[in-house]
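K.L.:
Supplied in structure tokens, the structure appears directly below.
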There are 4 protein chains.
Amino acid sequence: MKRIGVLTSGGDAPGMNAAIRAVVRGAVYNDMQVYGIFDGYEGLMNGEIEEFSRSSVSDIIHRGGTILKSSRSPKFKTPEGIRQAAAQAAKFGLEGIVVIGGDGSFRGSVNLLRAGIATIGVPGTIDNDLGYTDRTIGFDTAVNTVVSLLGNIRDTTVAHGCATVVEVMGRNCGDIALRAGLASGAESILIPEVPYDIDKICERMKAGKKRGKNHSIIMKAEGVSIPTEELAHLLEARTGIKTRTVIPAYIQRGGSPTATDRLLASRLGYKAVELLRDDVRGVAVGIHGDDVIVTDIEEAINIKNKPDLKNIELASILSI
Amino acid sequence: MKRIGVLTSGGDAPGMNAAIRAVVRGAVYNDMQVYGIFDGYEGLMNGEIEEFSRSSVSDIIHRGGTILKSSRSPKFKTPEGIRQAAAQAAKFGLEGIVVIGGDGSFRGSVNLLRAGIATIGVPGTIDNDLGYTDRTIGFDTAVNTVVSLLGNIRDTTVAHGCATVVEVMGRNCGDIALRAGLASGAESILIPEVPYDIDKICERMKAGKKRGKNHSIIMKAEGVSIPTEELAHLLEARTGIKTRTVIPAYIQRGGSPTATDRLLASRLGYKAVELLRDDVRGVAVGIHGDDVIVTDIEEAINIKNKPDLKNIELASILSI
Amino acid sequence: MKRIGVLTSGGDAPGMNAAIRAVVRGAVYNDMQVYGIFDGYEGLMNGEIEEFSRSSVSDIIHRGGTILKSSRSPKFKTPEGIRQAAAQAAKFGLEGIVVIGGDGSFRGSVNLLRAGIATIGVPGTIDNDLGYTDRTIGFDTAVNTVVSLLGNIRDTTVAHGCATVVEVMGRNCGDIALRAGLASGAESILIPEVPYDIDKICERMKAGKKRGKNHSIIMKAEGVSIPTEELAHLLEARTGIKTRTVIPAYIQRGGSPTATDRLLASRLGYKAVELLRDDVRGVAVGIHGDDVIVTDIEEAINIKNKPDLKNIELASILSI
Amino acid sequence: MKRIGVLTSGGDAPGMNAAIRAVVRGAVYNDMQVYGIFDGYEGLMNGEIEEFSRSSVSDIIHRGGTILKSSRSPKFKTPEGIRQAAAQAAKFGLEGIVVIGGDGSFRGSVNLLRAGIATIGVPGTIDNDLGYTDRTIGFDTAVNTVVSLLGNIRDTTVAHGCATVVEVMGRNCGDIALRAGLASGAESILIPEVPYDIDKICERMKAGKKRGKNHSIIMKAEGVSIPTEELAHLLEARTGIKTRTVIPAYIQRGGSPTATDRLLASRLGYKAVELLRDDVRGVAVGIHGDDVIVTDIEEAINIKNKPDLKNIELASILSI
């Protein structure tokens, strides 16, 4: 192909800008024309599209968020929406589009594909909930952000000898809670994939107290069924240890990407360009070990992510 | 005096450890014995007291929280509590006590003073709500922490073209919201000392939108009457701009202290020791400009803090 | 005045962008036209000048460096250089120019002033070597950067039980070394304003060793006469403690400005605009305590900066 | 086995403390006694050995350096040294020792092994120069540290429109330079594994200048033959672009470990304990993809590390 577009869709993730940069500069290097599509599928339908050059992506590799903006577009899910999007792509002569986003964005790209536009999926989401790839762009940064927030929270938790329940992002996937919790020595970790056990948490809190260690951090992914406030009250009632809550929310979604995310984004973004250059369509790029992998996009969507149960056990062994 | 104690009380603040270090090493340097009192006034009443040496405070200048722990003690407000505290001080031969904390802790120190124990107040609180001193220990760190959190929040706020209401600490004092908001270019800043004006905030949001700038950050100190969720709903309803909320909560209370807080804590902690050495009692130390100041503690408590209205105006001029 | 320019000159400093933003938006707010002058006096002579609007300075308050670029211009020191600069200012109708920079840049502004162009000096330099103001823009950030670098250096210094000499910026002024050293618990601090004493440093190193503490950090401002490598060899030879060196160099000059620097830059930049608006010329703005001050620029240049000797003594009392 | 020791040796690396924590708590969990050996092989020979408990490793997972200290020991390379070490191990009843360090430390462990002490190697070095494992503990942190330093350096490099040569650690292995350079968009990257080409670097600098981009960052691993100062002079002479140098040195070795390094250290440290528990000896643990691997230690030492040439090419495609 000779003319492609790139968009970011769904929740933004640190490293999306590094991926955009790799797509744009990779395309120029391969003598392709490249267009930035703003505001995700919404902007594709509305023709918010402009040609990019090398310098359009200068000085962005280190920036969080996405210079292309992002959105969630219900309309794009309708036949009319797809039709409009395809029409705009045709109008700008876009033969292929690199879609940087999460699982919802990948589903959208399948609709585009059926409408005759080549699409390549690049996994950009902090949640790490795509099973076909070891890691998604933004995950490493989000985990490190949470680890640094936990450092602050631990300071004051220790100073006051209390407990703190920290709710982190992850509706279906507990990877952020699990990795950040293990890396921070959290006393307990609750994730959606594993039923939680109030008794066990209370035991651990009481065991700590008996050893003169009142403070503890309980990591909880947002997808865990019990509301965070309710969990805190329960724990306080049953242990007699004052229990606070903190919900970092969108703080987890921003920030300058880590080296790991910048590298991953650069490698996957460039691979997406090579694939379009070679007229490949309807795949997602990912990472396995240190190798870039290419998976059929519909398969990619259906591969379930599974939590690393070994790490859950390890966390509980090392944290108390 | 020849034998003193030091305690931290109330909410912990970054820099408390640097102050403890200055008290302990300053005392040793001045040939005084120095005791660490754990868990604030609670620990004083219960005799959780041990002698400290230079090495007791090694490697803590950079750490958030307080190695002496902290607490709020209702019992200490009773005559019986004061009696116990005085008895313990006598038992350990403590002639004077350095109290590192906020306004509630200073009130407590007045009771000790009346019970015959020399006390010196060192202002340790992130709120900066003590009017007799330009800055309190922990304030500069909390402001910088909030500024860095706002950087993350802005990334995702811009990416999604929405608004975000950020609620920061400050029940009676809006200094954190004001300084962090001004330093981050927040589009609107609400503090307890000034009545808020929903219309004005909405106007600013709409004006931005008209210029193609959908995103905006609204800083709100917790002391502002309207609940944060309610404010967000109101703004969204009246502007049509999606509005989120983030409440960093205890994240603001921890973290490694800034150079400014370490320096302030070192200077004030050492000054407190010099005062006790010279048998001064019942004063609070503070900073004015670059000078360490000494104020009668009862006066100190009664000097109201006033927000810098010039900075409020400046923020609104520069942010849009 | 109705039409002004702004430039940055000399070594860049974190917070310069916040000052540029305040000048530009402050000017627009006061119905003045404002021009960005690129590359300092060099660009003024060459007419690298363009009109700025509010949006020219969007999203820069948090960025290190200077979007206007900076330079040192020998030619500007010549009558011909001044003539060219004045001609360009006239060509663009600039009645006044805000000069953000250090002491050399202020001298340059005096020449402009004599050529009939109103200038206002804004102190932008990490060195804090301007005596008329308590702090210069960039100083607080540089100190915090050095403090964080020292944290890393201490980790490995302690792990290997050795000594490390760290050379920080400051040719005539030891403020960075002094503040960062005190805030980091450096075992010894050498600044240009005070003759250094090798014997004393060695004694402190040996005293530490005797107490089982081999590691120590020696802070040295670049202006101290002895070369850093030579000092390290001398200390190692005389104490038998392995002694390394680290020179962070330009790492100290970049980075996102602290809240304190952003606030200072915003206040001083805006004040500069108000002064030009009111036809004031030939002054420098600065900060004393929490008050913005205005000083005749020639006076400002001649007020010597003096190191805070109390802090030097305090550092040596607290660090061992 | 029932009684083991743990030591850190060679250059310290962020994450060593997380590994020590995993070894100690993992051992206690498996009902083994565990001893901390201070100062590496030097301390083993001298019997600087003490029993550890769970709480010996509290609050260290986030700290850089190593609480066990480290050293390089020429004497340990002698038969007499080995004999002494074995004698001390016998005296304390240590059946196995976990050696956390780099390639030199692994060679040392082979000598211990031959003297009858079971050893397990855990790869702790920022250099990432061990070929048998995808990553070593400390590498991810060092890369992220360099990336953040480069951010500062870029600010001032751009502001002054000059070039900066940054020399990072890596005597035989260019991985830090390569990853950090790619993640930071460095304009040129020089590593020991690939002959450097002055002409090409100059071309890239001149090409940038022609496009109005004077600034550029040249990453250079310390192992590259030409001295850094000399390279800078050469580049400046041949391009006419002012060229500075920065050598972060030991700044790269400290700092709080990233989540990735804490996780890796926790997993490998715990695996080492499991192996000793099961009487395995003479192996090194490592990571491949997301799997912990076990390799014969002599093999492990002999597997050469190879630079990822794809990343070198990618860096040059994306950076200009």
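Each chain of the structure tokens is named A, B, ... in the order shown, its residues numbered from 1; ligands are numbered from 1 in display order.
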Could you list, as a count of residues only, every residue of chain D that has an atom within 9 Å of an atom of chain C, counting only C-alpha atoms?
P.N.:
41
K.L.:
Show which residues sit within 7 Å of region 124-129 of chain D, as a list in words. Count only C-alpha atoms, and ignore same-chain residues fewer than 3 positions away.
P.N.:
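Contacts, in chain order: Gly11, Asp12, Ala13, Met16, Ile100, Gly101, Gly102, Arg135, Thr136, Ile137, Gly138, Phe139, Ala142, Gly170, Cys173, Asp175, Ile176 and Asn305 of chain D.
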K.L.:
Store the residues of this selection in a file with N, CA and C atoms, as a compact mmCIF listing (two decimals), in the first residue's frame.
P.N.:
# COMPACT_ATOMS: atom_id res chain seq x y z
N GLY D 11 29.27 -5.03 41.10
CA GLY D 11 28.57 -3.75 41.07
C GLY D 11 27.15 -3.93 41.58
N ASP D 12 26.69 -3.01 42.42
CA ASP D 12 25.31 -3.14 42.92
C ASP D 12 24.33 -2.82 41.80
N ALA D 13 23.09 -3.29 41.97
CA ALA D 13 22.06 -3.05 40.97
C ALA D 13 20.71 -2.89 41.66
N MET D 16 18.43 -5.64 43.79
CA MET D 16 19.14 -6.62 44.62
C MET D 16 18.43 -6.79 45.95
N ILE D 100 23.98 -13.24 44.33
CA ILE D 100 23.31 -12.26 43.48
C ILE D 100 24.38 -11.33 42.91
N GLY D 101 24.57 -11.38 41.59
CA GLY D 101 25.60 -10.54 41.00
C GLY D 101 25.73 -10.78 39.52
N GLY D 102 26.83 -10.32 38.96
CA GLY D 102 27.04 -10.41 37.53
C GLY D 102 27.99 -11.52 37.17
N ARG D 135 16.83 -10.84 30.61
CA ARG D 135 17.12 -9.63 31.35
C ARG D 135 17.81 -9.94 32.66
N THR D 136 18.62 -8.99 33.12
CA THR D 136 19.23 -9.11 34.44
C THR D 136 18.52 -8.12 35.37
N ILE D 137 18.58 -8.40 36.67
CA ILE D 137 17.96 -7.51 37.65
C ILE D 137 18.72 -6.18 37.69
N GLY D 138 18.01 -5.08 37.51
CA GLY D 138 18.63 -3.76 37.53
C GLY D 138 18.67 -3.10 36.17
N PHE D 139 18.59 -3.92 35.13
CA PHE D 139 18.69 -3.39 33.77
C PHE D 139 17.51 -2.46 33.45
N ALA D 142 17.92 0.82 35.25
CA ALA D 142 19.00 1.65 34.69
C ALA D 142 18.56 2.30 33.39
N GLY D 170 28.29 0.23 30.29
CA GLY D 170 28.29 -0.90 29.37
C GLY D 170 29.65 -1.08 28.73
N CYS D 173 28.78 -4.54 26.62
CA CYS D 173 27.39 -4.72 26.23
C CYS D 173 26.73 -3.36 26.06
N ASP D 175 23.54 -2.69 25.64
CA ASP D 175 22.09 -2.73 25.80
C ASP D 175 21.50 -1.48 26.43
N ILE D 176 22.16 -0.91 27.45
CA ILE D 176 21.61 0.30 28.08
C ILE D 176 21.57 1.43 27.05
N ASN D 305 26.13 -12.66 25.15
CA ASN D 305 24.98 -11.79 24.93
C ASN D 305 25.11 -11.17 23.55
K.L.:
Closest to Gln88 (chain B) among B:Val165, B:Ala177, B:Leu44, B:Leu113, using only C-alpha atoms?
P.N.:
B:Leu44
K.L.:
Applying 6 Å and only C-alpha atoms, which residues near Ile297 (chain D) remain after dropping the ones on its own chain fewer than 2 positions away? List them as a list in words.
P.N.:
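In the requested form, the answer reads Gly282, Val283, Ala284, Thr295, Glu299 and Ala300 of chain D.
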K.L.:
What would the file look like if the residues just selected were written as a PDB file, in the first residue's frame with N, CA and C atoms?
P.N.:
ATOM      1  N   GLY D 282      24.722 -25.422  41.689  1.00  0.00           N
ATOM      2  CA  GLY D 282      25.507 -25.111  40.503  1.00  0.00           C
ATOM      3  C   GLY D 282      24.710 -24.669  39.301  1.00  0.00           C
ATOM      4  N   VAL D 283      23.589 -23.986  39.529  1.00  0.00           N
ATOM      5  CA  VAL D 283      22.814 -23.465  38.401  1.00  0.00           C
ATOM      6  C   VAL D 283      22.613 -21.965  38.577  1.00  0.00           C
ATOM      7  N   ALA D 284      22.220 -21.342  37.462  1.00  0.00           N
ATOM      8  CA  ALA D 284      21.826 -19.938  37.508  1.00  0.00           C
ATOM      9  C   ALA D 284      20.360 -19.849  37.118  1.00  0.00           C
ATOM     10  N   THR D 295      19.653 -22.704  34.362  1.00  0.00           N
ATOM     11  CA  THR D 295      20.738 -23.071  33.455  1.00  0.00           C
ATOM     12  C   THR D 295      21.965 -23.472  34.281  1.00  0.00           C
ATOM     13  N   GLU D 299      27.653 -23.160  31.925  1.00  0.00           N
ATOM     14  CA  GLU D 299      27.069 -22.831  30.624  1.00  0.00           C
ATOM     15  C   GLU D 299      26.645 -21.371  30.614  1.00  0.00           C
ATOM     16  N   ALA D 300      25.909 -20.993  31.661  1.00  0.00           N
ATOM     17  CA  ALA D 300      25.341 -19.634  31.734  1.00  0.00           C
ATOM     18  C   ALA D 300      26.429 -18.597  31.497  1.00  0.00           C
TER      19      ALA D 300
END
K.L.:
Can you pull out every residue within 12 Å of Arg277 (chain A), counting only C-alpha atoms, but drop anything in the same chain fewer than 6 positions away, and send it as a PDB file with N, CA and C atoms, in the first residue's frame?
P.N.:
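Output (part21.pdb):
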ATOM      1  N   MET A   1       0.843  -1.202   0.000  1.00  0.00           N
ATOM      2  CA  MET A   1       0.000   0.000   0.000  1.00  0.00           C
ATOM      3  C   MET A   1       0.865   1.234   0.000  1.00  0.00           C
ATOM      4  N   LYS A   2       0.275   2.329  -0.403  1.00  0.00           N
ATOM      5  CA  LYS A   2       1.029   3.567  -0.562  1.00  0.00           C
ATOM      6  C   LYS A   2       0.473   4.694   0.303  1.00  0.00           C
ATOM      7  N   ARG A   3      -0.758   4.505   0.825  1.00  0.00           N
ATOM      8  CA  ARG A   3      -1.368   5.573   1.608  1.00  0.00           C
ATOM      9  C   ARG A   3      -2.166   4.993   2.768  1.00  0.00           C
ATOM     10  N   ILE A   4      -1.762   5.357   3.977  1.00  0.00           N
ATOM     11  CA  ILE A   4      -2.401   4.758   5.158  1.00  0.00           C
ATOM     12  C   ILE A   4      -2.785   5.831   6.172  1.00  0.00           C
ATOM     13  N   VAL A  23       4.588   4.716  13.515  1.00  0.00           N
ATOM     14  CA  VAL A  23       3.777   4.511  12.308  1.00  0.00           C
ATOM     15  C   VAL A  23       4.105   5.600  11.287  1.00  0.00           C
ATOM     16  N   GLY A  26       7.830   5.467  10.233  1.00  0.00           N
ATOM     17  CA  GLY A  26       8.026   4.221   9.509  1.00  0.00           C
ATOM     18  C   GLY A  26       7.424   4.304   8.111  1.00  0.00           C
ATOM     19  N   ALA A  27       6.267   4.923   8.016  1.00  0.00           N
ATOM     20  CA  ALA A  27       5.601   5.061   6.718  1.00  0.00           C
ATOM     21  C   ALA A  27       6.445   5.940   5.791  1.00  0.00           C
ATOM     22  N   VAL A  28       6.878   7.095   6.295  1.00  0.00           N
ATOM     23  CA  VAL A  28       7.700   7.999   5.478  1.00  0.00           C
ATOM     24  C   VAL A  28       8.955   7.265   5.002  1.00  0.00           C
ATOM     25  N   TYR A  29       9.562   6.518   5.922  1.00  0.00           N
ATOM     26  CA  TYR A  29      10.788   5.781   5.572  1.00  0.00           C
ATOM     27  C   TYR A  29      10.516   4.786   4.451  1.00  0.00           C
ATOM     28  N   ASN A  30       9.299   4.238   4.421  1.00  0.00           N
ATOM     29  CA  ASN A  30       8.936   3.254   3.389  1.00  0.00           C
ATOM     30  C   ASN A  30       8.203   3.895   2.214  1.00  0.00           C
ATOM     31  N   ASP A  31       8.407   5.226   2.077  1.00  0.00           N
ATOM     32  CA  ASP A  31       7.810   5.959   0.949  1.00  0.00           C
ATOM     33  C   ASP A  31       6.296   5.809   0.845  1.00  0.00           C
ATOM     34  N   MET A  32       5.640   5.793   1.995  1.00  0.00           N
ATOM     35  CA  MET A  32       4.177   5.772   1.988  1.00  0.00           C
ATOM     36  C   MET A  32       3.685   7.129   2.485  1.00  0.00           C
ATOM     37  N   GLN A  33       2.501   7.521   2.042  1.00  0.00           N
ATOM     38  CA  GLN A  33       1.870   8.704   2.613  1.00  0.00           C
ATOM     39  C   GLN A  33       1.120   8.269   3.867  1.00  0.00           C
ATOM     40  N   VAL A  34       1.117   9.125   4.892  1.00  0.00           N
ATOM     41  CA  VAL A  34       0.466   8.722   6.142  1.00  0.00           C
ATOM     42  C   VAL A  34      -0.406   9.871   6.662  1.00  0.00           C
ATOM     43  N   GLU A  95      -5.769   3.254   2.059  1.00  0.00           N
ATOM     44  CA  GLU A  95      -5.910   1.828   1.761  1.00  0.00           C
ATOM     45  C   GLU A  95      -5.898   0.994   3.035  1.00  0.00           C
ATOM     46  N   GLY A  96      -5.214   1.514   4.029  1.00  0.00           N
ATOM     47  CA  GLY A  96      -5.139   0.776   5.281  1.00  0.00           C
ATOM     48  C   GLY A  96      -5.106   1.727   6.462  1.00  0.00           C
ATOM     49  N   ILE A  97      -5.524   1.235   7.623  1.00  0.00           N
ATOM     50  CA  ILE A  97      -5.548   2.050   8.842  1.00  0.00           C
ATOM     51  C   ILE A  97      -4.952   1.258   9.999  1.00  0.00           C
ATOM     52  N   VAL A  98      -4.013   1.902  10.727  1.00  0.00           N
ATOM     53  CA  VAL A  98      -3.474   1.306  11.939  1.00  0.00           C
ATOM     54  C   VAL A  98      -4.339   1.774  13.106  1.00  0.00           C
ATOM     55  N   ALA A 118      -8.173  -2.257   4.846  1.00  0.00           N
ATOM     56  CA  ALA A 118      -7.188  -3.055   5.572  1.00  0.00           C
ATOM     57  C   ALA A 118      -6.938  -2.407   6.932  1.00  0.00           C
ATOM     58  N   THR A 119      -6.969  -3.197   7.982  1.00  0.00           N
ATOM     59  CA  THR A 119      -6.657  -2.640   9.303  1.00  0.00           C
ATOM     60  C   THR A 119      -5.632  -3.522  10.002  1.00  0.00           C
ATOM     61  N   ILE A 120      -4.801  -2.874  10.804  1.00  0.00           N
ATOM     62  CA  ILE A 120      -3.841  -3.582  11.654  1.00  0.00           C
ATOM     63  C   ILE A 120      -4.077  -3.095  13.074  1.00  0.00           C
ATOM     64  N   TYR A 270       5.994   0.182  14.149  1.00  0.00           N
ATOM     65  CA  TYR A 270       6.746   0.018  12.903  1.00  0.00           C
ATOM     66  C   TYR A 270       6.352  -1.274  12.185  1.00  0.00           C
ATOM     67  N   LYS A 271       6.129  -2.327  12.971  1.00  0.00           N
ATOM     68  CA  LYS A 271       5.717  -3.604  12.368  1.00  0.00           C
ATOM     69  C   LYS A 271       4.390  -3.443  11.624  1.00  0.00           C
TER      70      LYS A 271
END
K.L.:
Quick one: DSSP strand (DSSP E) residues in region 77-310 of chain B, as a ChimeraX atom specification?
P.N.:
/B:96-101,118-123,163-168,188-190,216-221,243-246,283-288,291-296
K.L.:
Which residues come within 6 Å of Ala232 (chain B), counting only C-alpha atoms, excluding same-chain residues fewer than 3 positions away, as number ranges by chain?
P.N.:
B: 229, 235, 243
K.L.:
Now that the selection is made, can you save its residues with N, CA and C atoms as an mmCIF file, in the first residue's frame?
P.N.:
data_model
loop_
_atom_site.group_PDB
_atom_site.id
_atom_site.type_symbol
_atom_site.label_atom_id
_atom_site.label_comp_id
_atom_site.auth_asym_id
_atom_site.auth_seq_id
_atom_site.Cartn_x
_atom_site.Cartn_y
_atom_site.Cartn_z
ATOM 1 N N GLU B 229 -18.544 15.063 43.558
ATOM 2 C CA GLU B 229 -19.364 14.373 42.554
ATOM 3 C C GLU B 229 -20.491 15.282 42.073
ATOM 4 N N LEU B 235 -21.620 20.604 36.489
ATOM 5 C CA LEU B 235 -20.851 21.194 35.386
ATOM 6 C C LEU B 235 -21.175 20.478 34.075
ATOM 7 N N THR B 243 -17.623 15.363 32.380
ATOM 8 C CA THR B 243 -16.808 15.810 33.513
ATOM 9 C C THR B 243 -16.549 14.670 34.489
#
K.L.:
What are the DSSP alpha helix (DSSP H) residues of region 106-316 of chain A, as a PyMOL selection string?
P.N.:
chain A and resi 106-114+139-159+175-184+198-210+228-239+259-277+297-302+309-316
K.L.:
Keeping C-alpha atoms for every residue in the selection just given, could you write it to a file as an mmCIF file, in the first residue's frame?
P.N.:
data_model
loop_
_atom_site.group_PDB
_atom_site.id
_atom_site.type_symbol
_atom_site.label_atom_id
_atom_site.label_comp_id
_atom_site.auth_asym_id
_atom_site.auth_seq_id
_atom_site.Cartn_x
_atom_site.Cartn_y
_atom_site.Cartn_z
ATOM 1 C CA PHE A 106 -10.108 -4.083 17.708
ATOM 2 C CA ARG A 107 -13.761 -5.128 17.293
ATOM 3 C CA GLY A 108 -14.363 -1.849 15.511
ATOM 4 C CA SER A 109 -11.439 -2.532 13.179
ATOM 5 C CA VAL A 110 -13.064 -5.825 12.174
ATOM 6 C CA ASN A 111 -16.089 -3.888 10.945
ATOM 7 C CA LEU A 112 -13.807 -1.623 8.893
ATOM 8 C CA LEU A 113 -12.067 -4.682 7.519
ATOM 9 C CA ARG A 114 -15.403 -6.083 6.351
ATOM 10 C CA PHE A 139 0.621 -1.505 31.008
ATOM 11 C CA ASP A 140 4.221 -1.208 32.222
ATOM 12 C CA THR A 141 3.788 2.530 32.778
ATOM 13 C CA ALA A 142 0.508 2.107 34.658
ATOM 14 C CA VAL A 143 2.056 -0.532 36.913
ATOM 15 C CA ASN A 144 5.035 1.701 37.694
ATOM 16 C CA THR A 145 2.722 4.656 38.321
ATOM 17 C CA VAL A 146 0.667 2.614 40.789
ATOM 18 C CA VAL A 147 3.860 1.376 42.463
ATOM 19 C CA SER A 148 4.992 4.953 43.006
ATOM 20 C CA LEU A 149 1.563 6.004 44.322
ATOM 21 C CA LEU A 150 1.668 3.033 46.682
ATOM 22 C CA GLY A 151 5.000 4.323 47.979
ATOM 23 C CA ASN A 152 3.283 7.544 49.042
ATOM 24 C CA ILE A 153 0.300 5.709 50.476
ATOM 25 C CA ARG A 154 2.530 3.364 52.457
ATOM 26 C CA ASP A 155 4.397 6.292 54.071
ATOM 27 C CA THR A 156 1.241 7.648 55.671
ATOM 28 C CA THR A 157 -0.287 4.191 56.262
ATOM 29 C CA VAL A 158 2.767 3.179 58.288
ATOM 30 C CA ALA A 159 2.911 6.513 60.111
ATOM 31 C CA ASP A 175 -2.908 -7.585 36.113
ATOM 32 C CA ILE A 176 -2.267 -4.014 37.334
ATOM 33 C CA ALA A 177 -3.349 -4.912 40.879
ATOM 34 C CA LEU A 178 -1.340 -8.119 40.817
ATOM 35 C CA ARG A 179 1.930 -6.751 39.439
ATOM 36 C CA ALA A 180 1.860 -3.484 41.348
ATOM 37 C CA GLY A 181 0.822 -5.282 44.515
ATOM 38 C CA LEU A 182 3.608 -7.838 44.232
ATOM 39 C CA ALA A 183 6.155 -5.141 43.382
ATOM 40 C CA SER A 184 5.068 -3.082 46.384
ATOM 41 C CA ILE A 198 -12.484 -11.737 53.519
ATOM 42 C CA ASP A 199 -11.486 -14.153 56.276
ATOM 43 C CA LYS A 200 -8.030 -14.609 54.830
ATOM 44 C CA ILE A 201 -7.482 -10.856 54.487
ATOM 45 C CA CYS A 202 -8.590 -10.302 58.078
ATOM 46 C CA GLU A 203 -6.336 -13.124 59.290
ATOM 47 C CA ARG A 204 -3.361 -11.540 57.565
ATOM 48 C CA MET A 205 -4.192 -8.138 59.075
ATOM 49 C CA LYS A 206 -4.565 -9.609 62.545
ATOM 50 C CA ALA A 207 -1.428 -11.740 62.182
ATOM 51 C CA GLY A 208 0.483 -8.595 61.289
ATOM 52 C CA LYS A 209 -0.982 -6.740 64.248
ATOM 53 C CA LYS A 210 0.040 -9.560 66.558
ATOM 54 C CA THR A 228 -14.222 -0.488 47.912
ATOM 55 C CA GLU A 229 -15.830 1.566 50.711
ATOM 56 C CA GLU A 230 -17.855 -1.438 51.822
ATOM 57 C CA LEU A 231 -14.762 -3.639 51.879
ATOM 58 C CA ALA A 232 -12.924 -1.082 54.021
ATOM 59 C CA HIS A 233 -15.779 -0.896 56.539
ATOM 60 C CA LEU A 234 -15.962 -4.658 56.704
ATOM 61 C CA LEU A 235 -12.240 -5.026 57.346
ATOM 62 C CA GLU A 236 -12.236 -2.290 59.982
ATOM 63 C CA ALA A 237 -15.254 -3.802 61.727
ATOM 64 C CA ARG A 238 -13.728 -7.273 61.796
ATOM 65 C CA THR A 239 -10.117 -6.416 62.674
ATOM 66 C CA ALA A 259 11.281 2.874 28.407
ATOM 67 C CA THR A 260 9.630 -0.533 28.084
ATOM 68 C CA ASP A 261 6.396 0.958 26.753
ATOM 69 C CA ARG A 262 8.204 3.331 24.387
ATOM 70 C CA LEU A 263 10.204 0.450 22.987
ATOM 71 C CA LEU A 264 7.193 -1.834 22.665
ATOM 72 C CA ALA A 265 5.188 0.937 21.005
ATOM 73 C CA SER A 266 8.018 1.734 18.585
ATOM 74 C CA ARG A 267 8.467 -1.893 17.588
ATOM 75 C CA LEU A 268 4.752 -2.666 17.174
ATOM 76 C CA GLY A 269 3.972 0.600 15.394
ATOM 77 C CA TYR A 270 6.746 0.018 12.903
ATOM 78 C CA LYS A 271 5.717 -3.604 12.368
ATOM 79 C CA ALA A 272 2.164 -2.452 11.575
ATOM 80 C CA VAL A 273 3.560 -0.228 8.814
ATOM 81 C CA GLU A 274 5.647 -3.050 7.356
ATOM 82 C CA LEU A 275 2.535 -5.244 7.252
ATOM 83 C CA LEU A 276 0.454 -2.635 5.421
ATOM 84 C CA ARG A 277 3.381 -1.972 3.088
ATOM 85 C CA ILE A 297 -7.385 -9.983 14.568
ATOM 86 C CA GLU A 298 -10.551 -12.001 15.185
ATOM 87 C CA GLU A 299 -8.515 -14.720 16.850
ATOM 88 C CA ALA A 300 -6.645 -12.087 18.843
ATOM 89 C CA ILE A 301 -9.912 -10.731 20.233
ATOM 90 C CA ASN A 302 -11.038 -14.179 21.346
ATOM 91 C CA LEU A 309 -1.524 -17.555 39.470
ATOM 92 C CA LYS A 310 2.101 -18.253 40.409
ATOM 93 C CA ASN A 311 2.546 -14.535 41.034
ATOM 94 C CA ILE A 312 -0.541 -14.406 43.232
ATOM 95 C CA GLU A 313 0.887 -17.146 45.430
ATOM 96 C CA LEU A 314 4.326 -15.542 45.424
ATOM 97 C CA ALA A 315 2.862 -12.208 46.546
ATOM 98 C CA SER A 316 1.219 -13.807 49.554
#
K.L.:
Which residues are close to Ser216 (chain D), i.e. within 7 Å by only C-alpha atoms, leaving aside same-chain residues fewer than 2 positions away? Reply as a PyMOL selection string.
P.N.:
chain D and resi 162-164+187+205+214+218
K.L.:
Which residues come within 10 Å of Tyr196 (chain D), counting only C-alpha atoms, excluding same-chain residues fewer than 4 positions away, as a short mmCIF file (atom, residue, chain, number, x, y, z; two decimals) with C-alpha atoms, in the first residue's frame?
P.N.:
data_model
loop_
_atom_site.label_atom_id
_atom_site.label_comp_id
_atom_site.auth_asym_id
_atom_site.auth_seq_id
_atom_site.Cartn_x
_atom_site.Cartn_y
_atom_site.Cartn_z
CA SER D 188 22.76 8.27 16.98
CA ILE D 189 23.65 5.27 19.11
CA LEU D 190 27.16 3.79 19.48
CA ILE D 191 27.65 0.38 21.11
CA PRO D 192 30.72 -1.83 21.55
CA LYS D 200 27.35 8.55 9.36
CA ILE D 201 26.92 10.40 12.67
CA LYS D 220 27.62 6.11 23.49
CA VAL D 224 33.06 2.07 22.56
CA SER D 225 36.75 2.56 21.80
CA ILE D 226 36.93 6.33 21.22
#
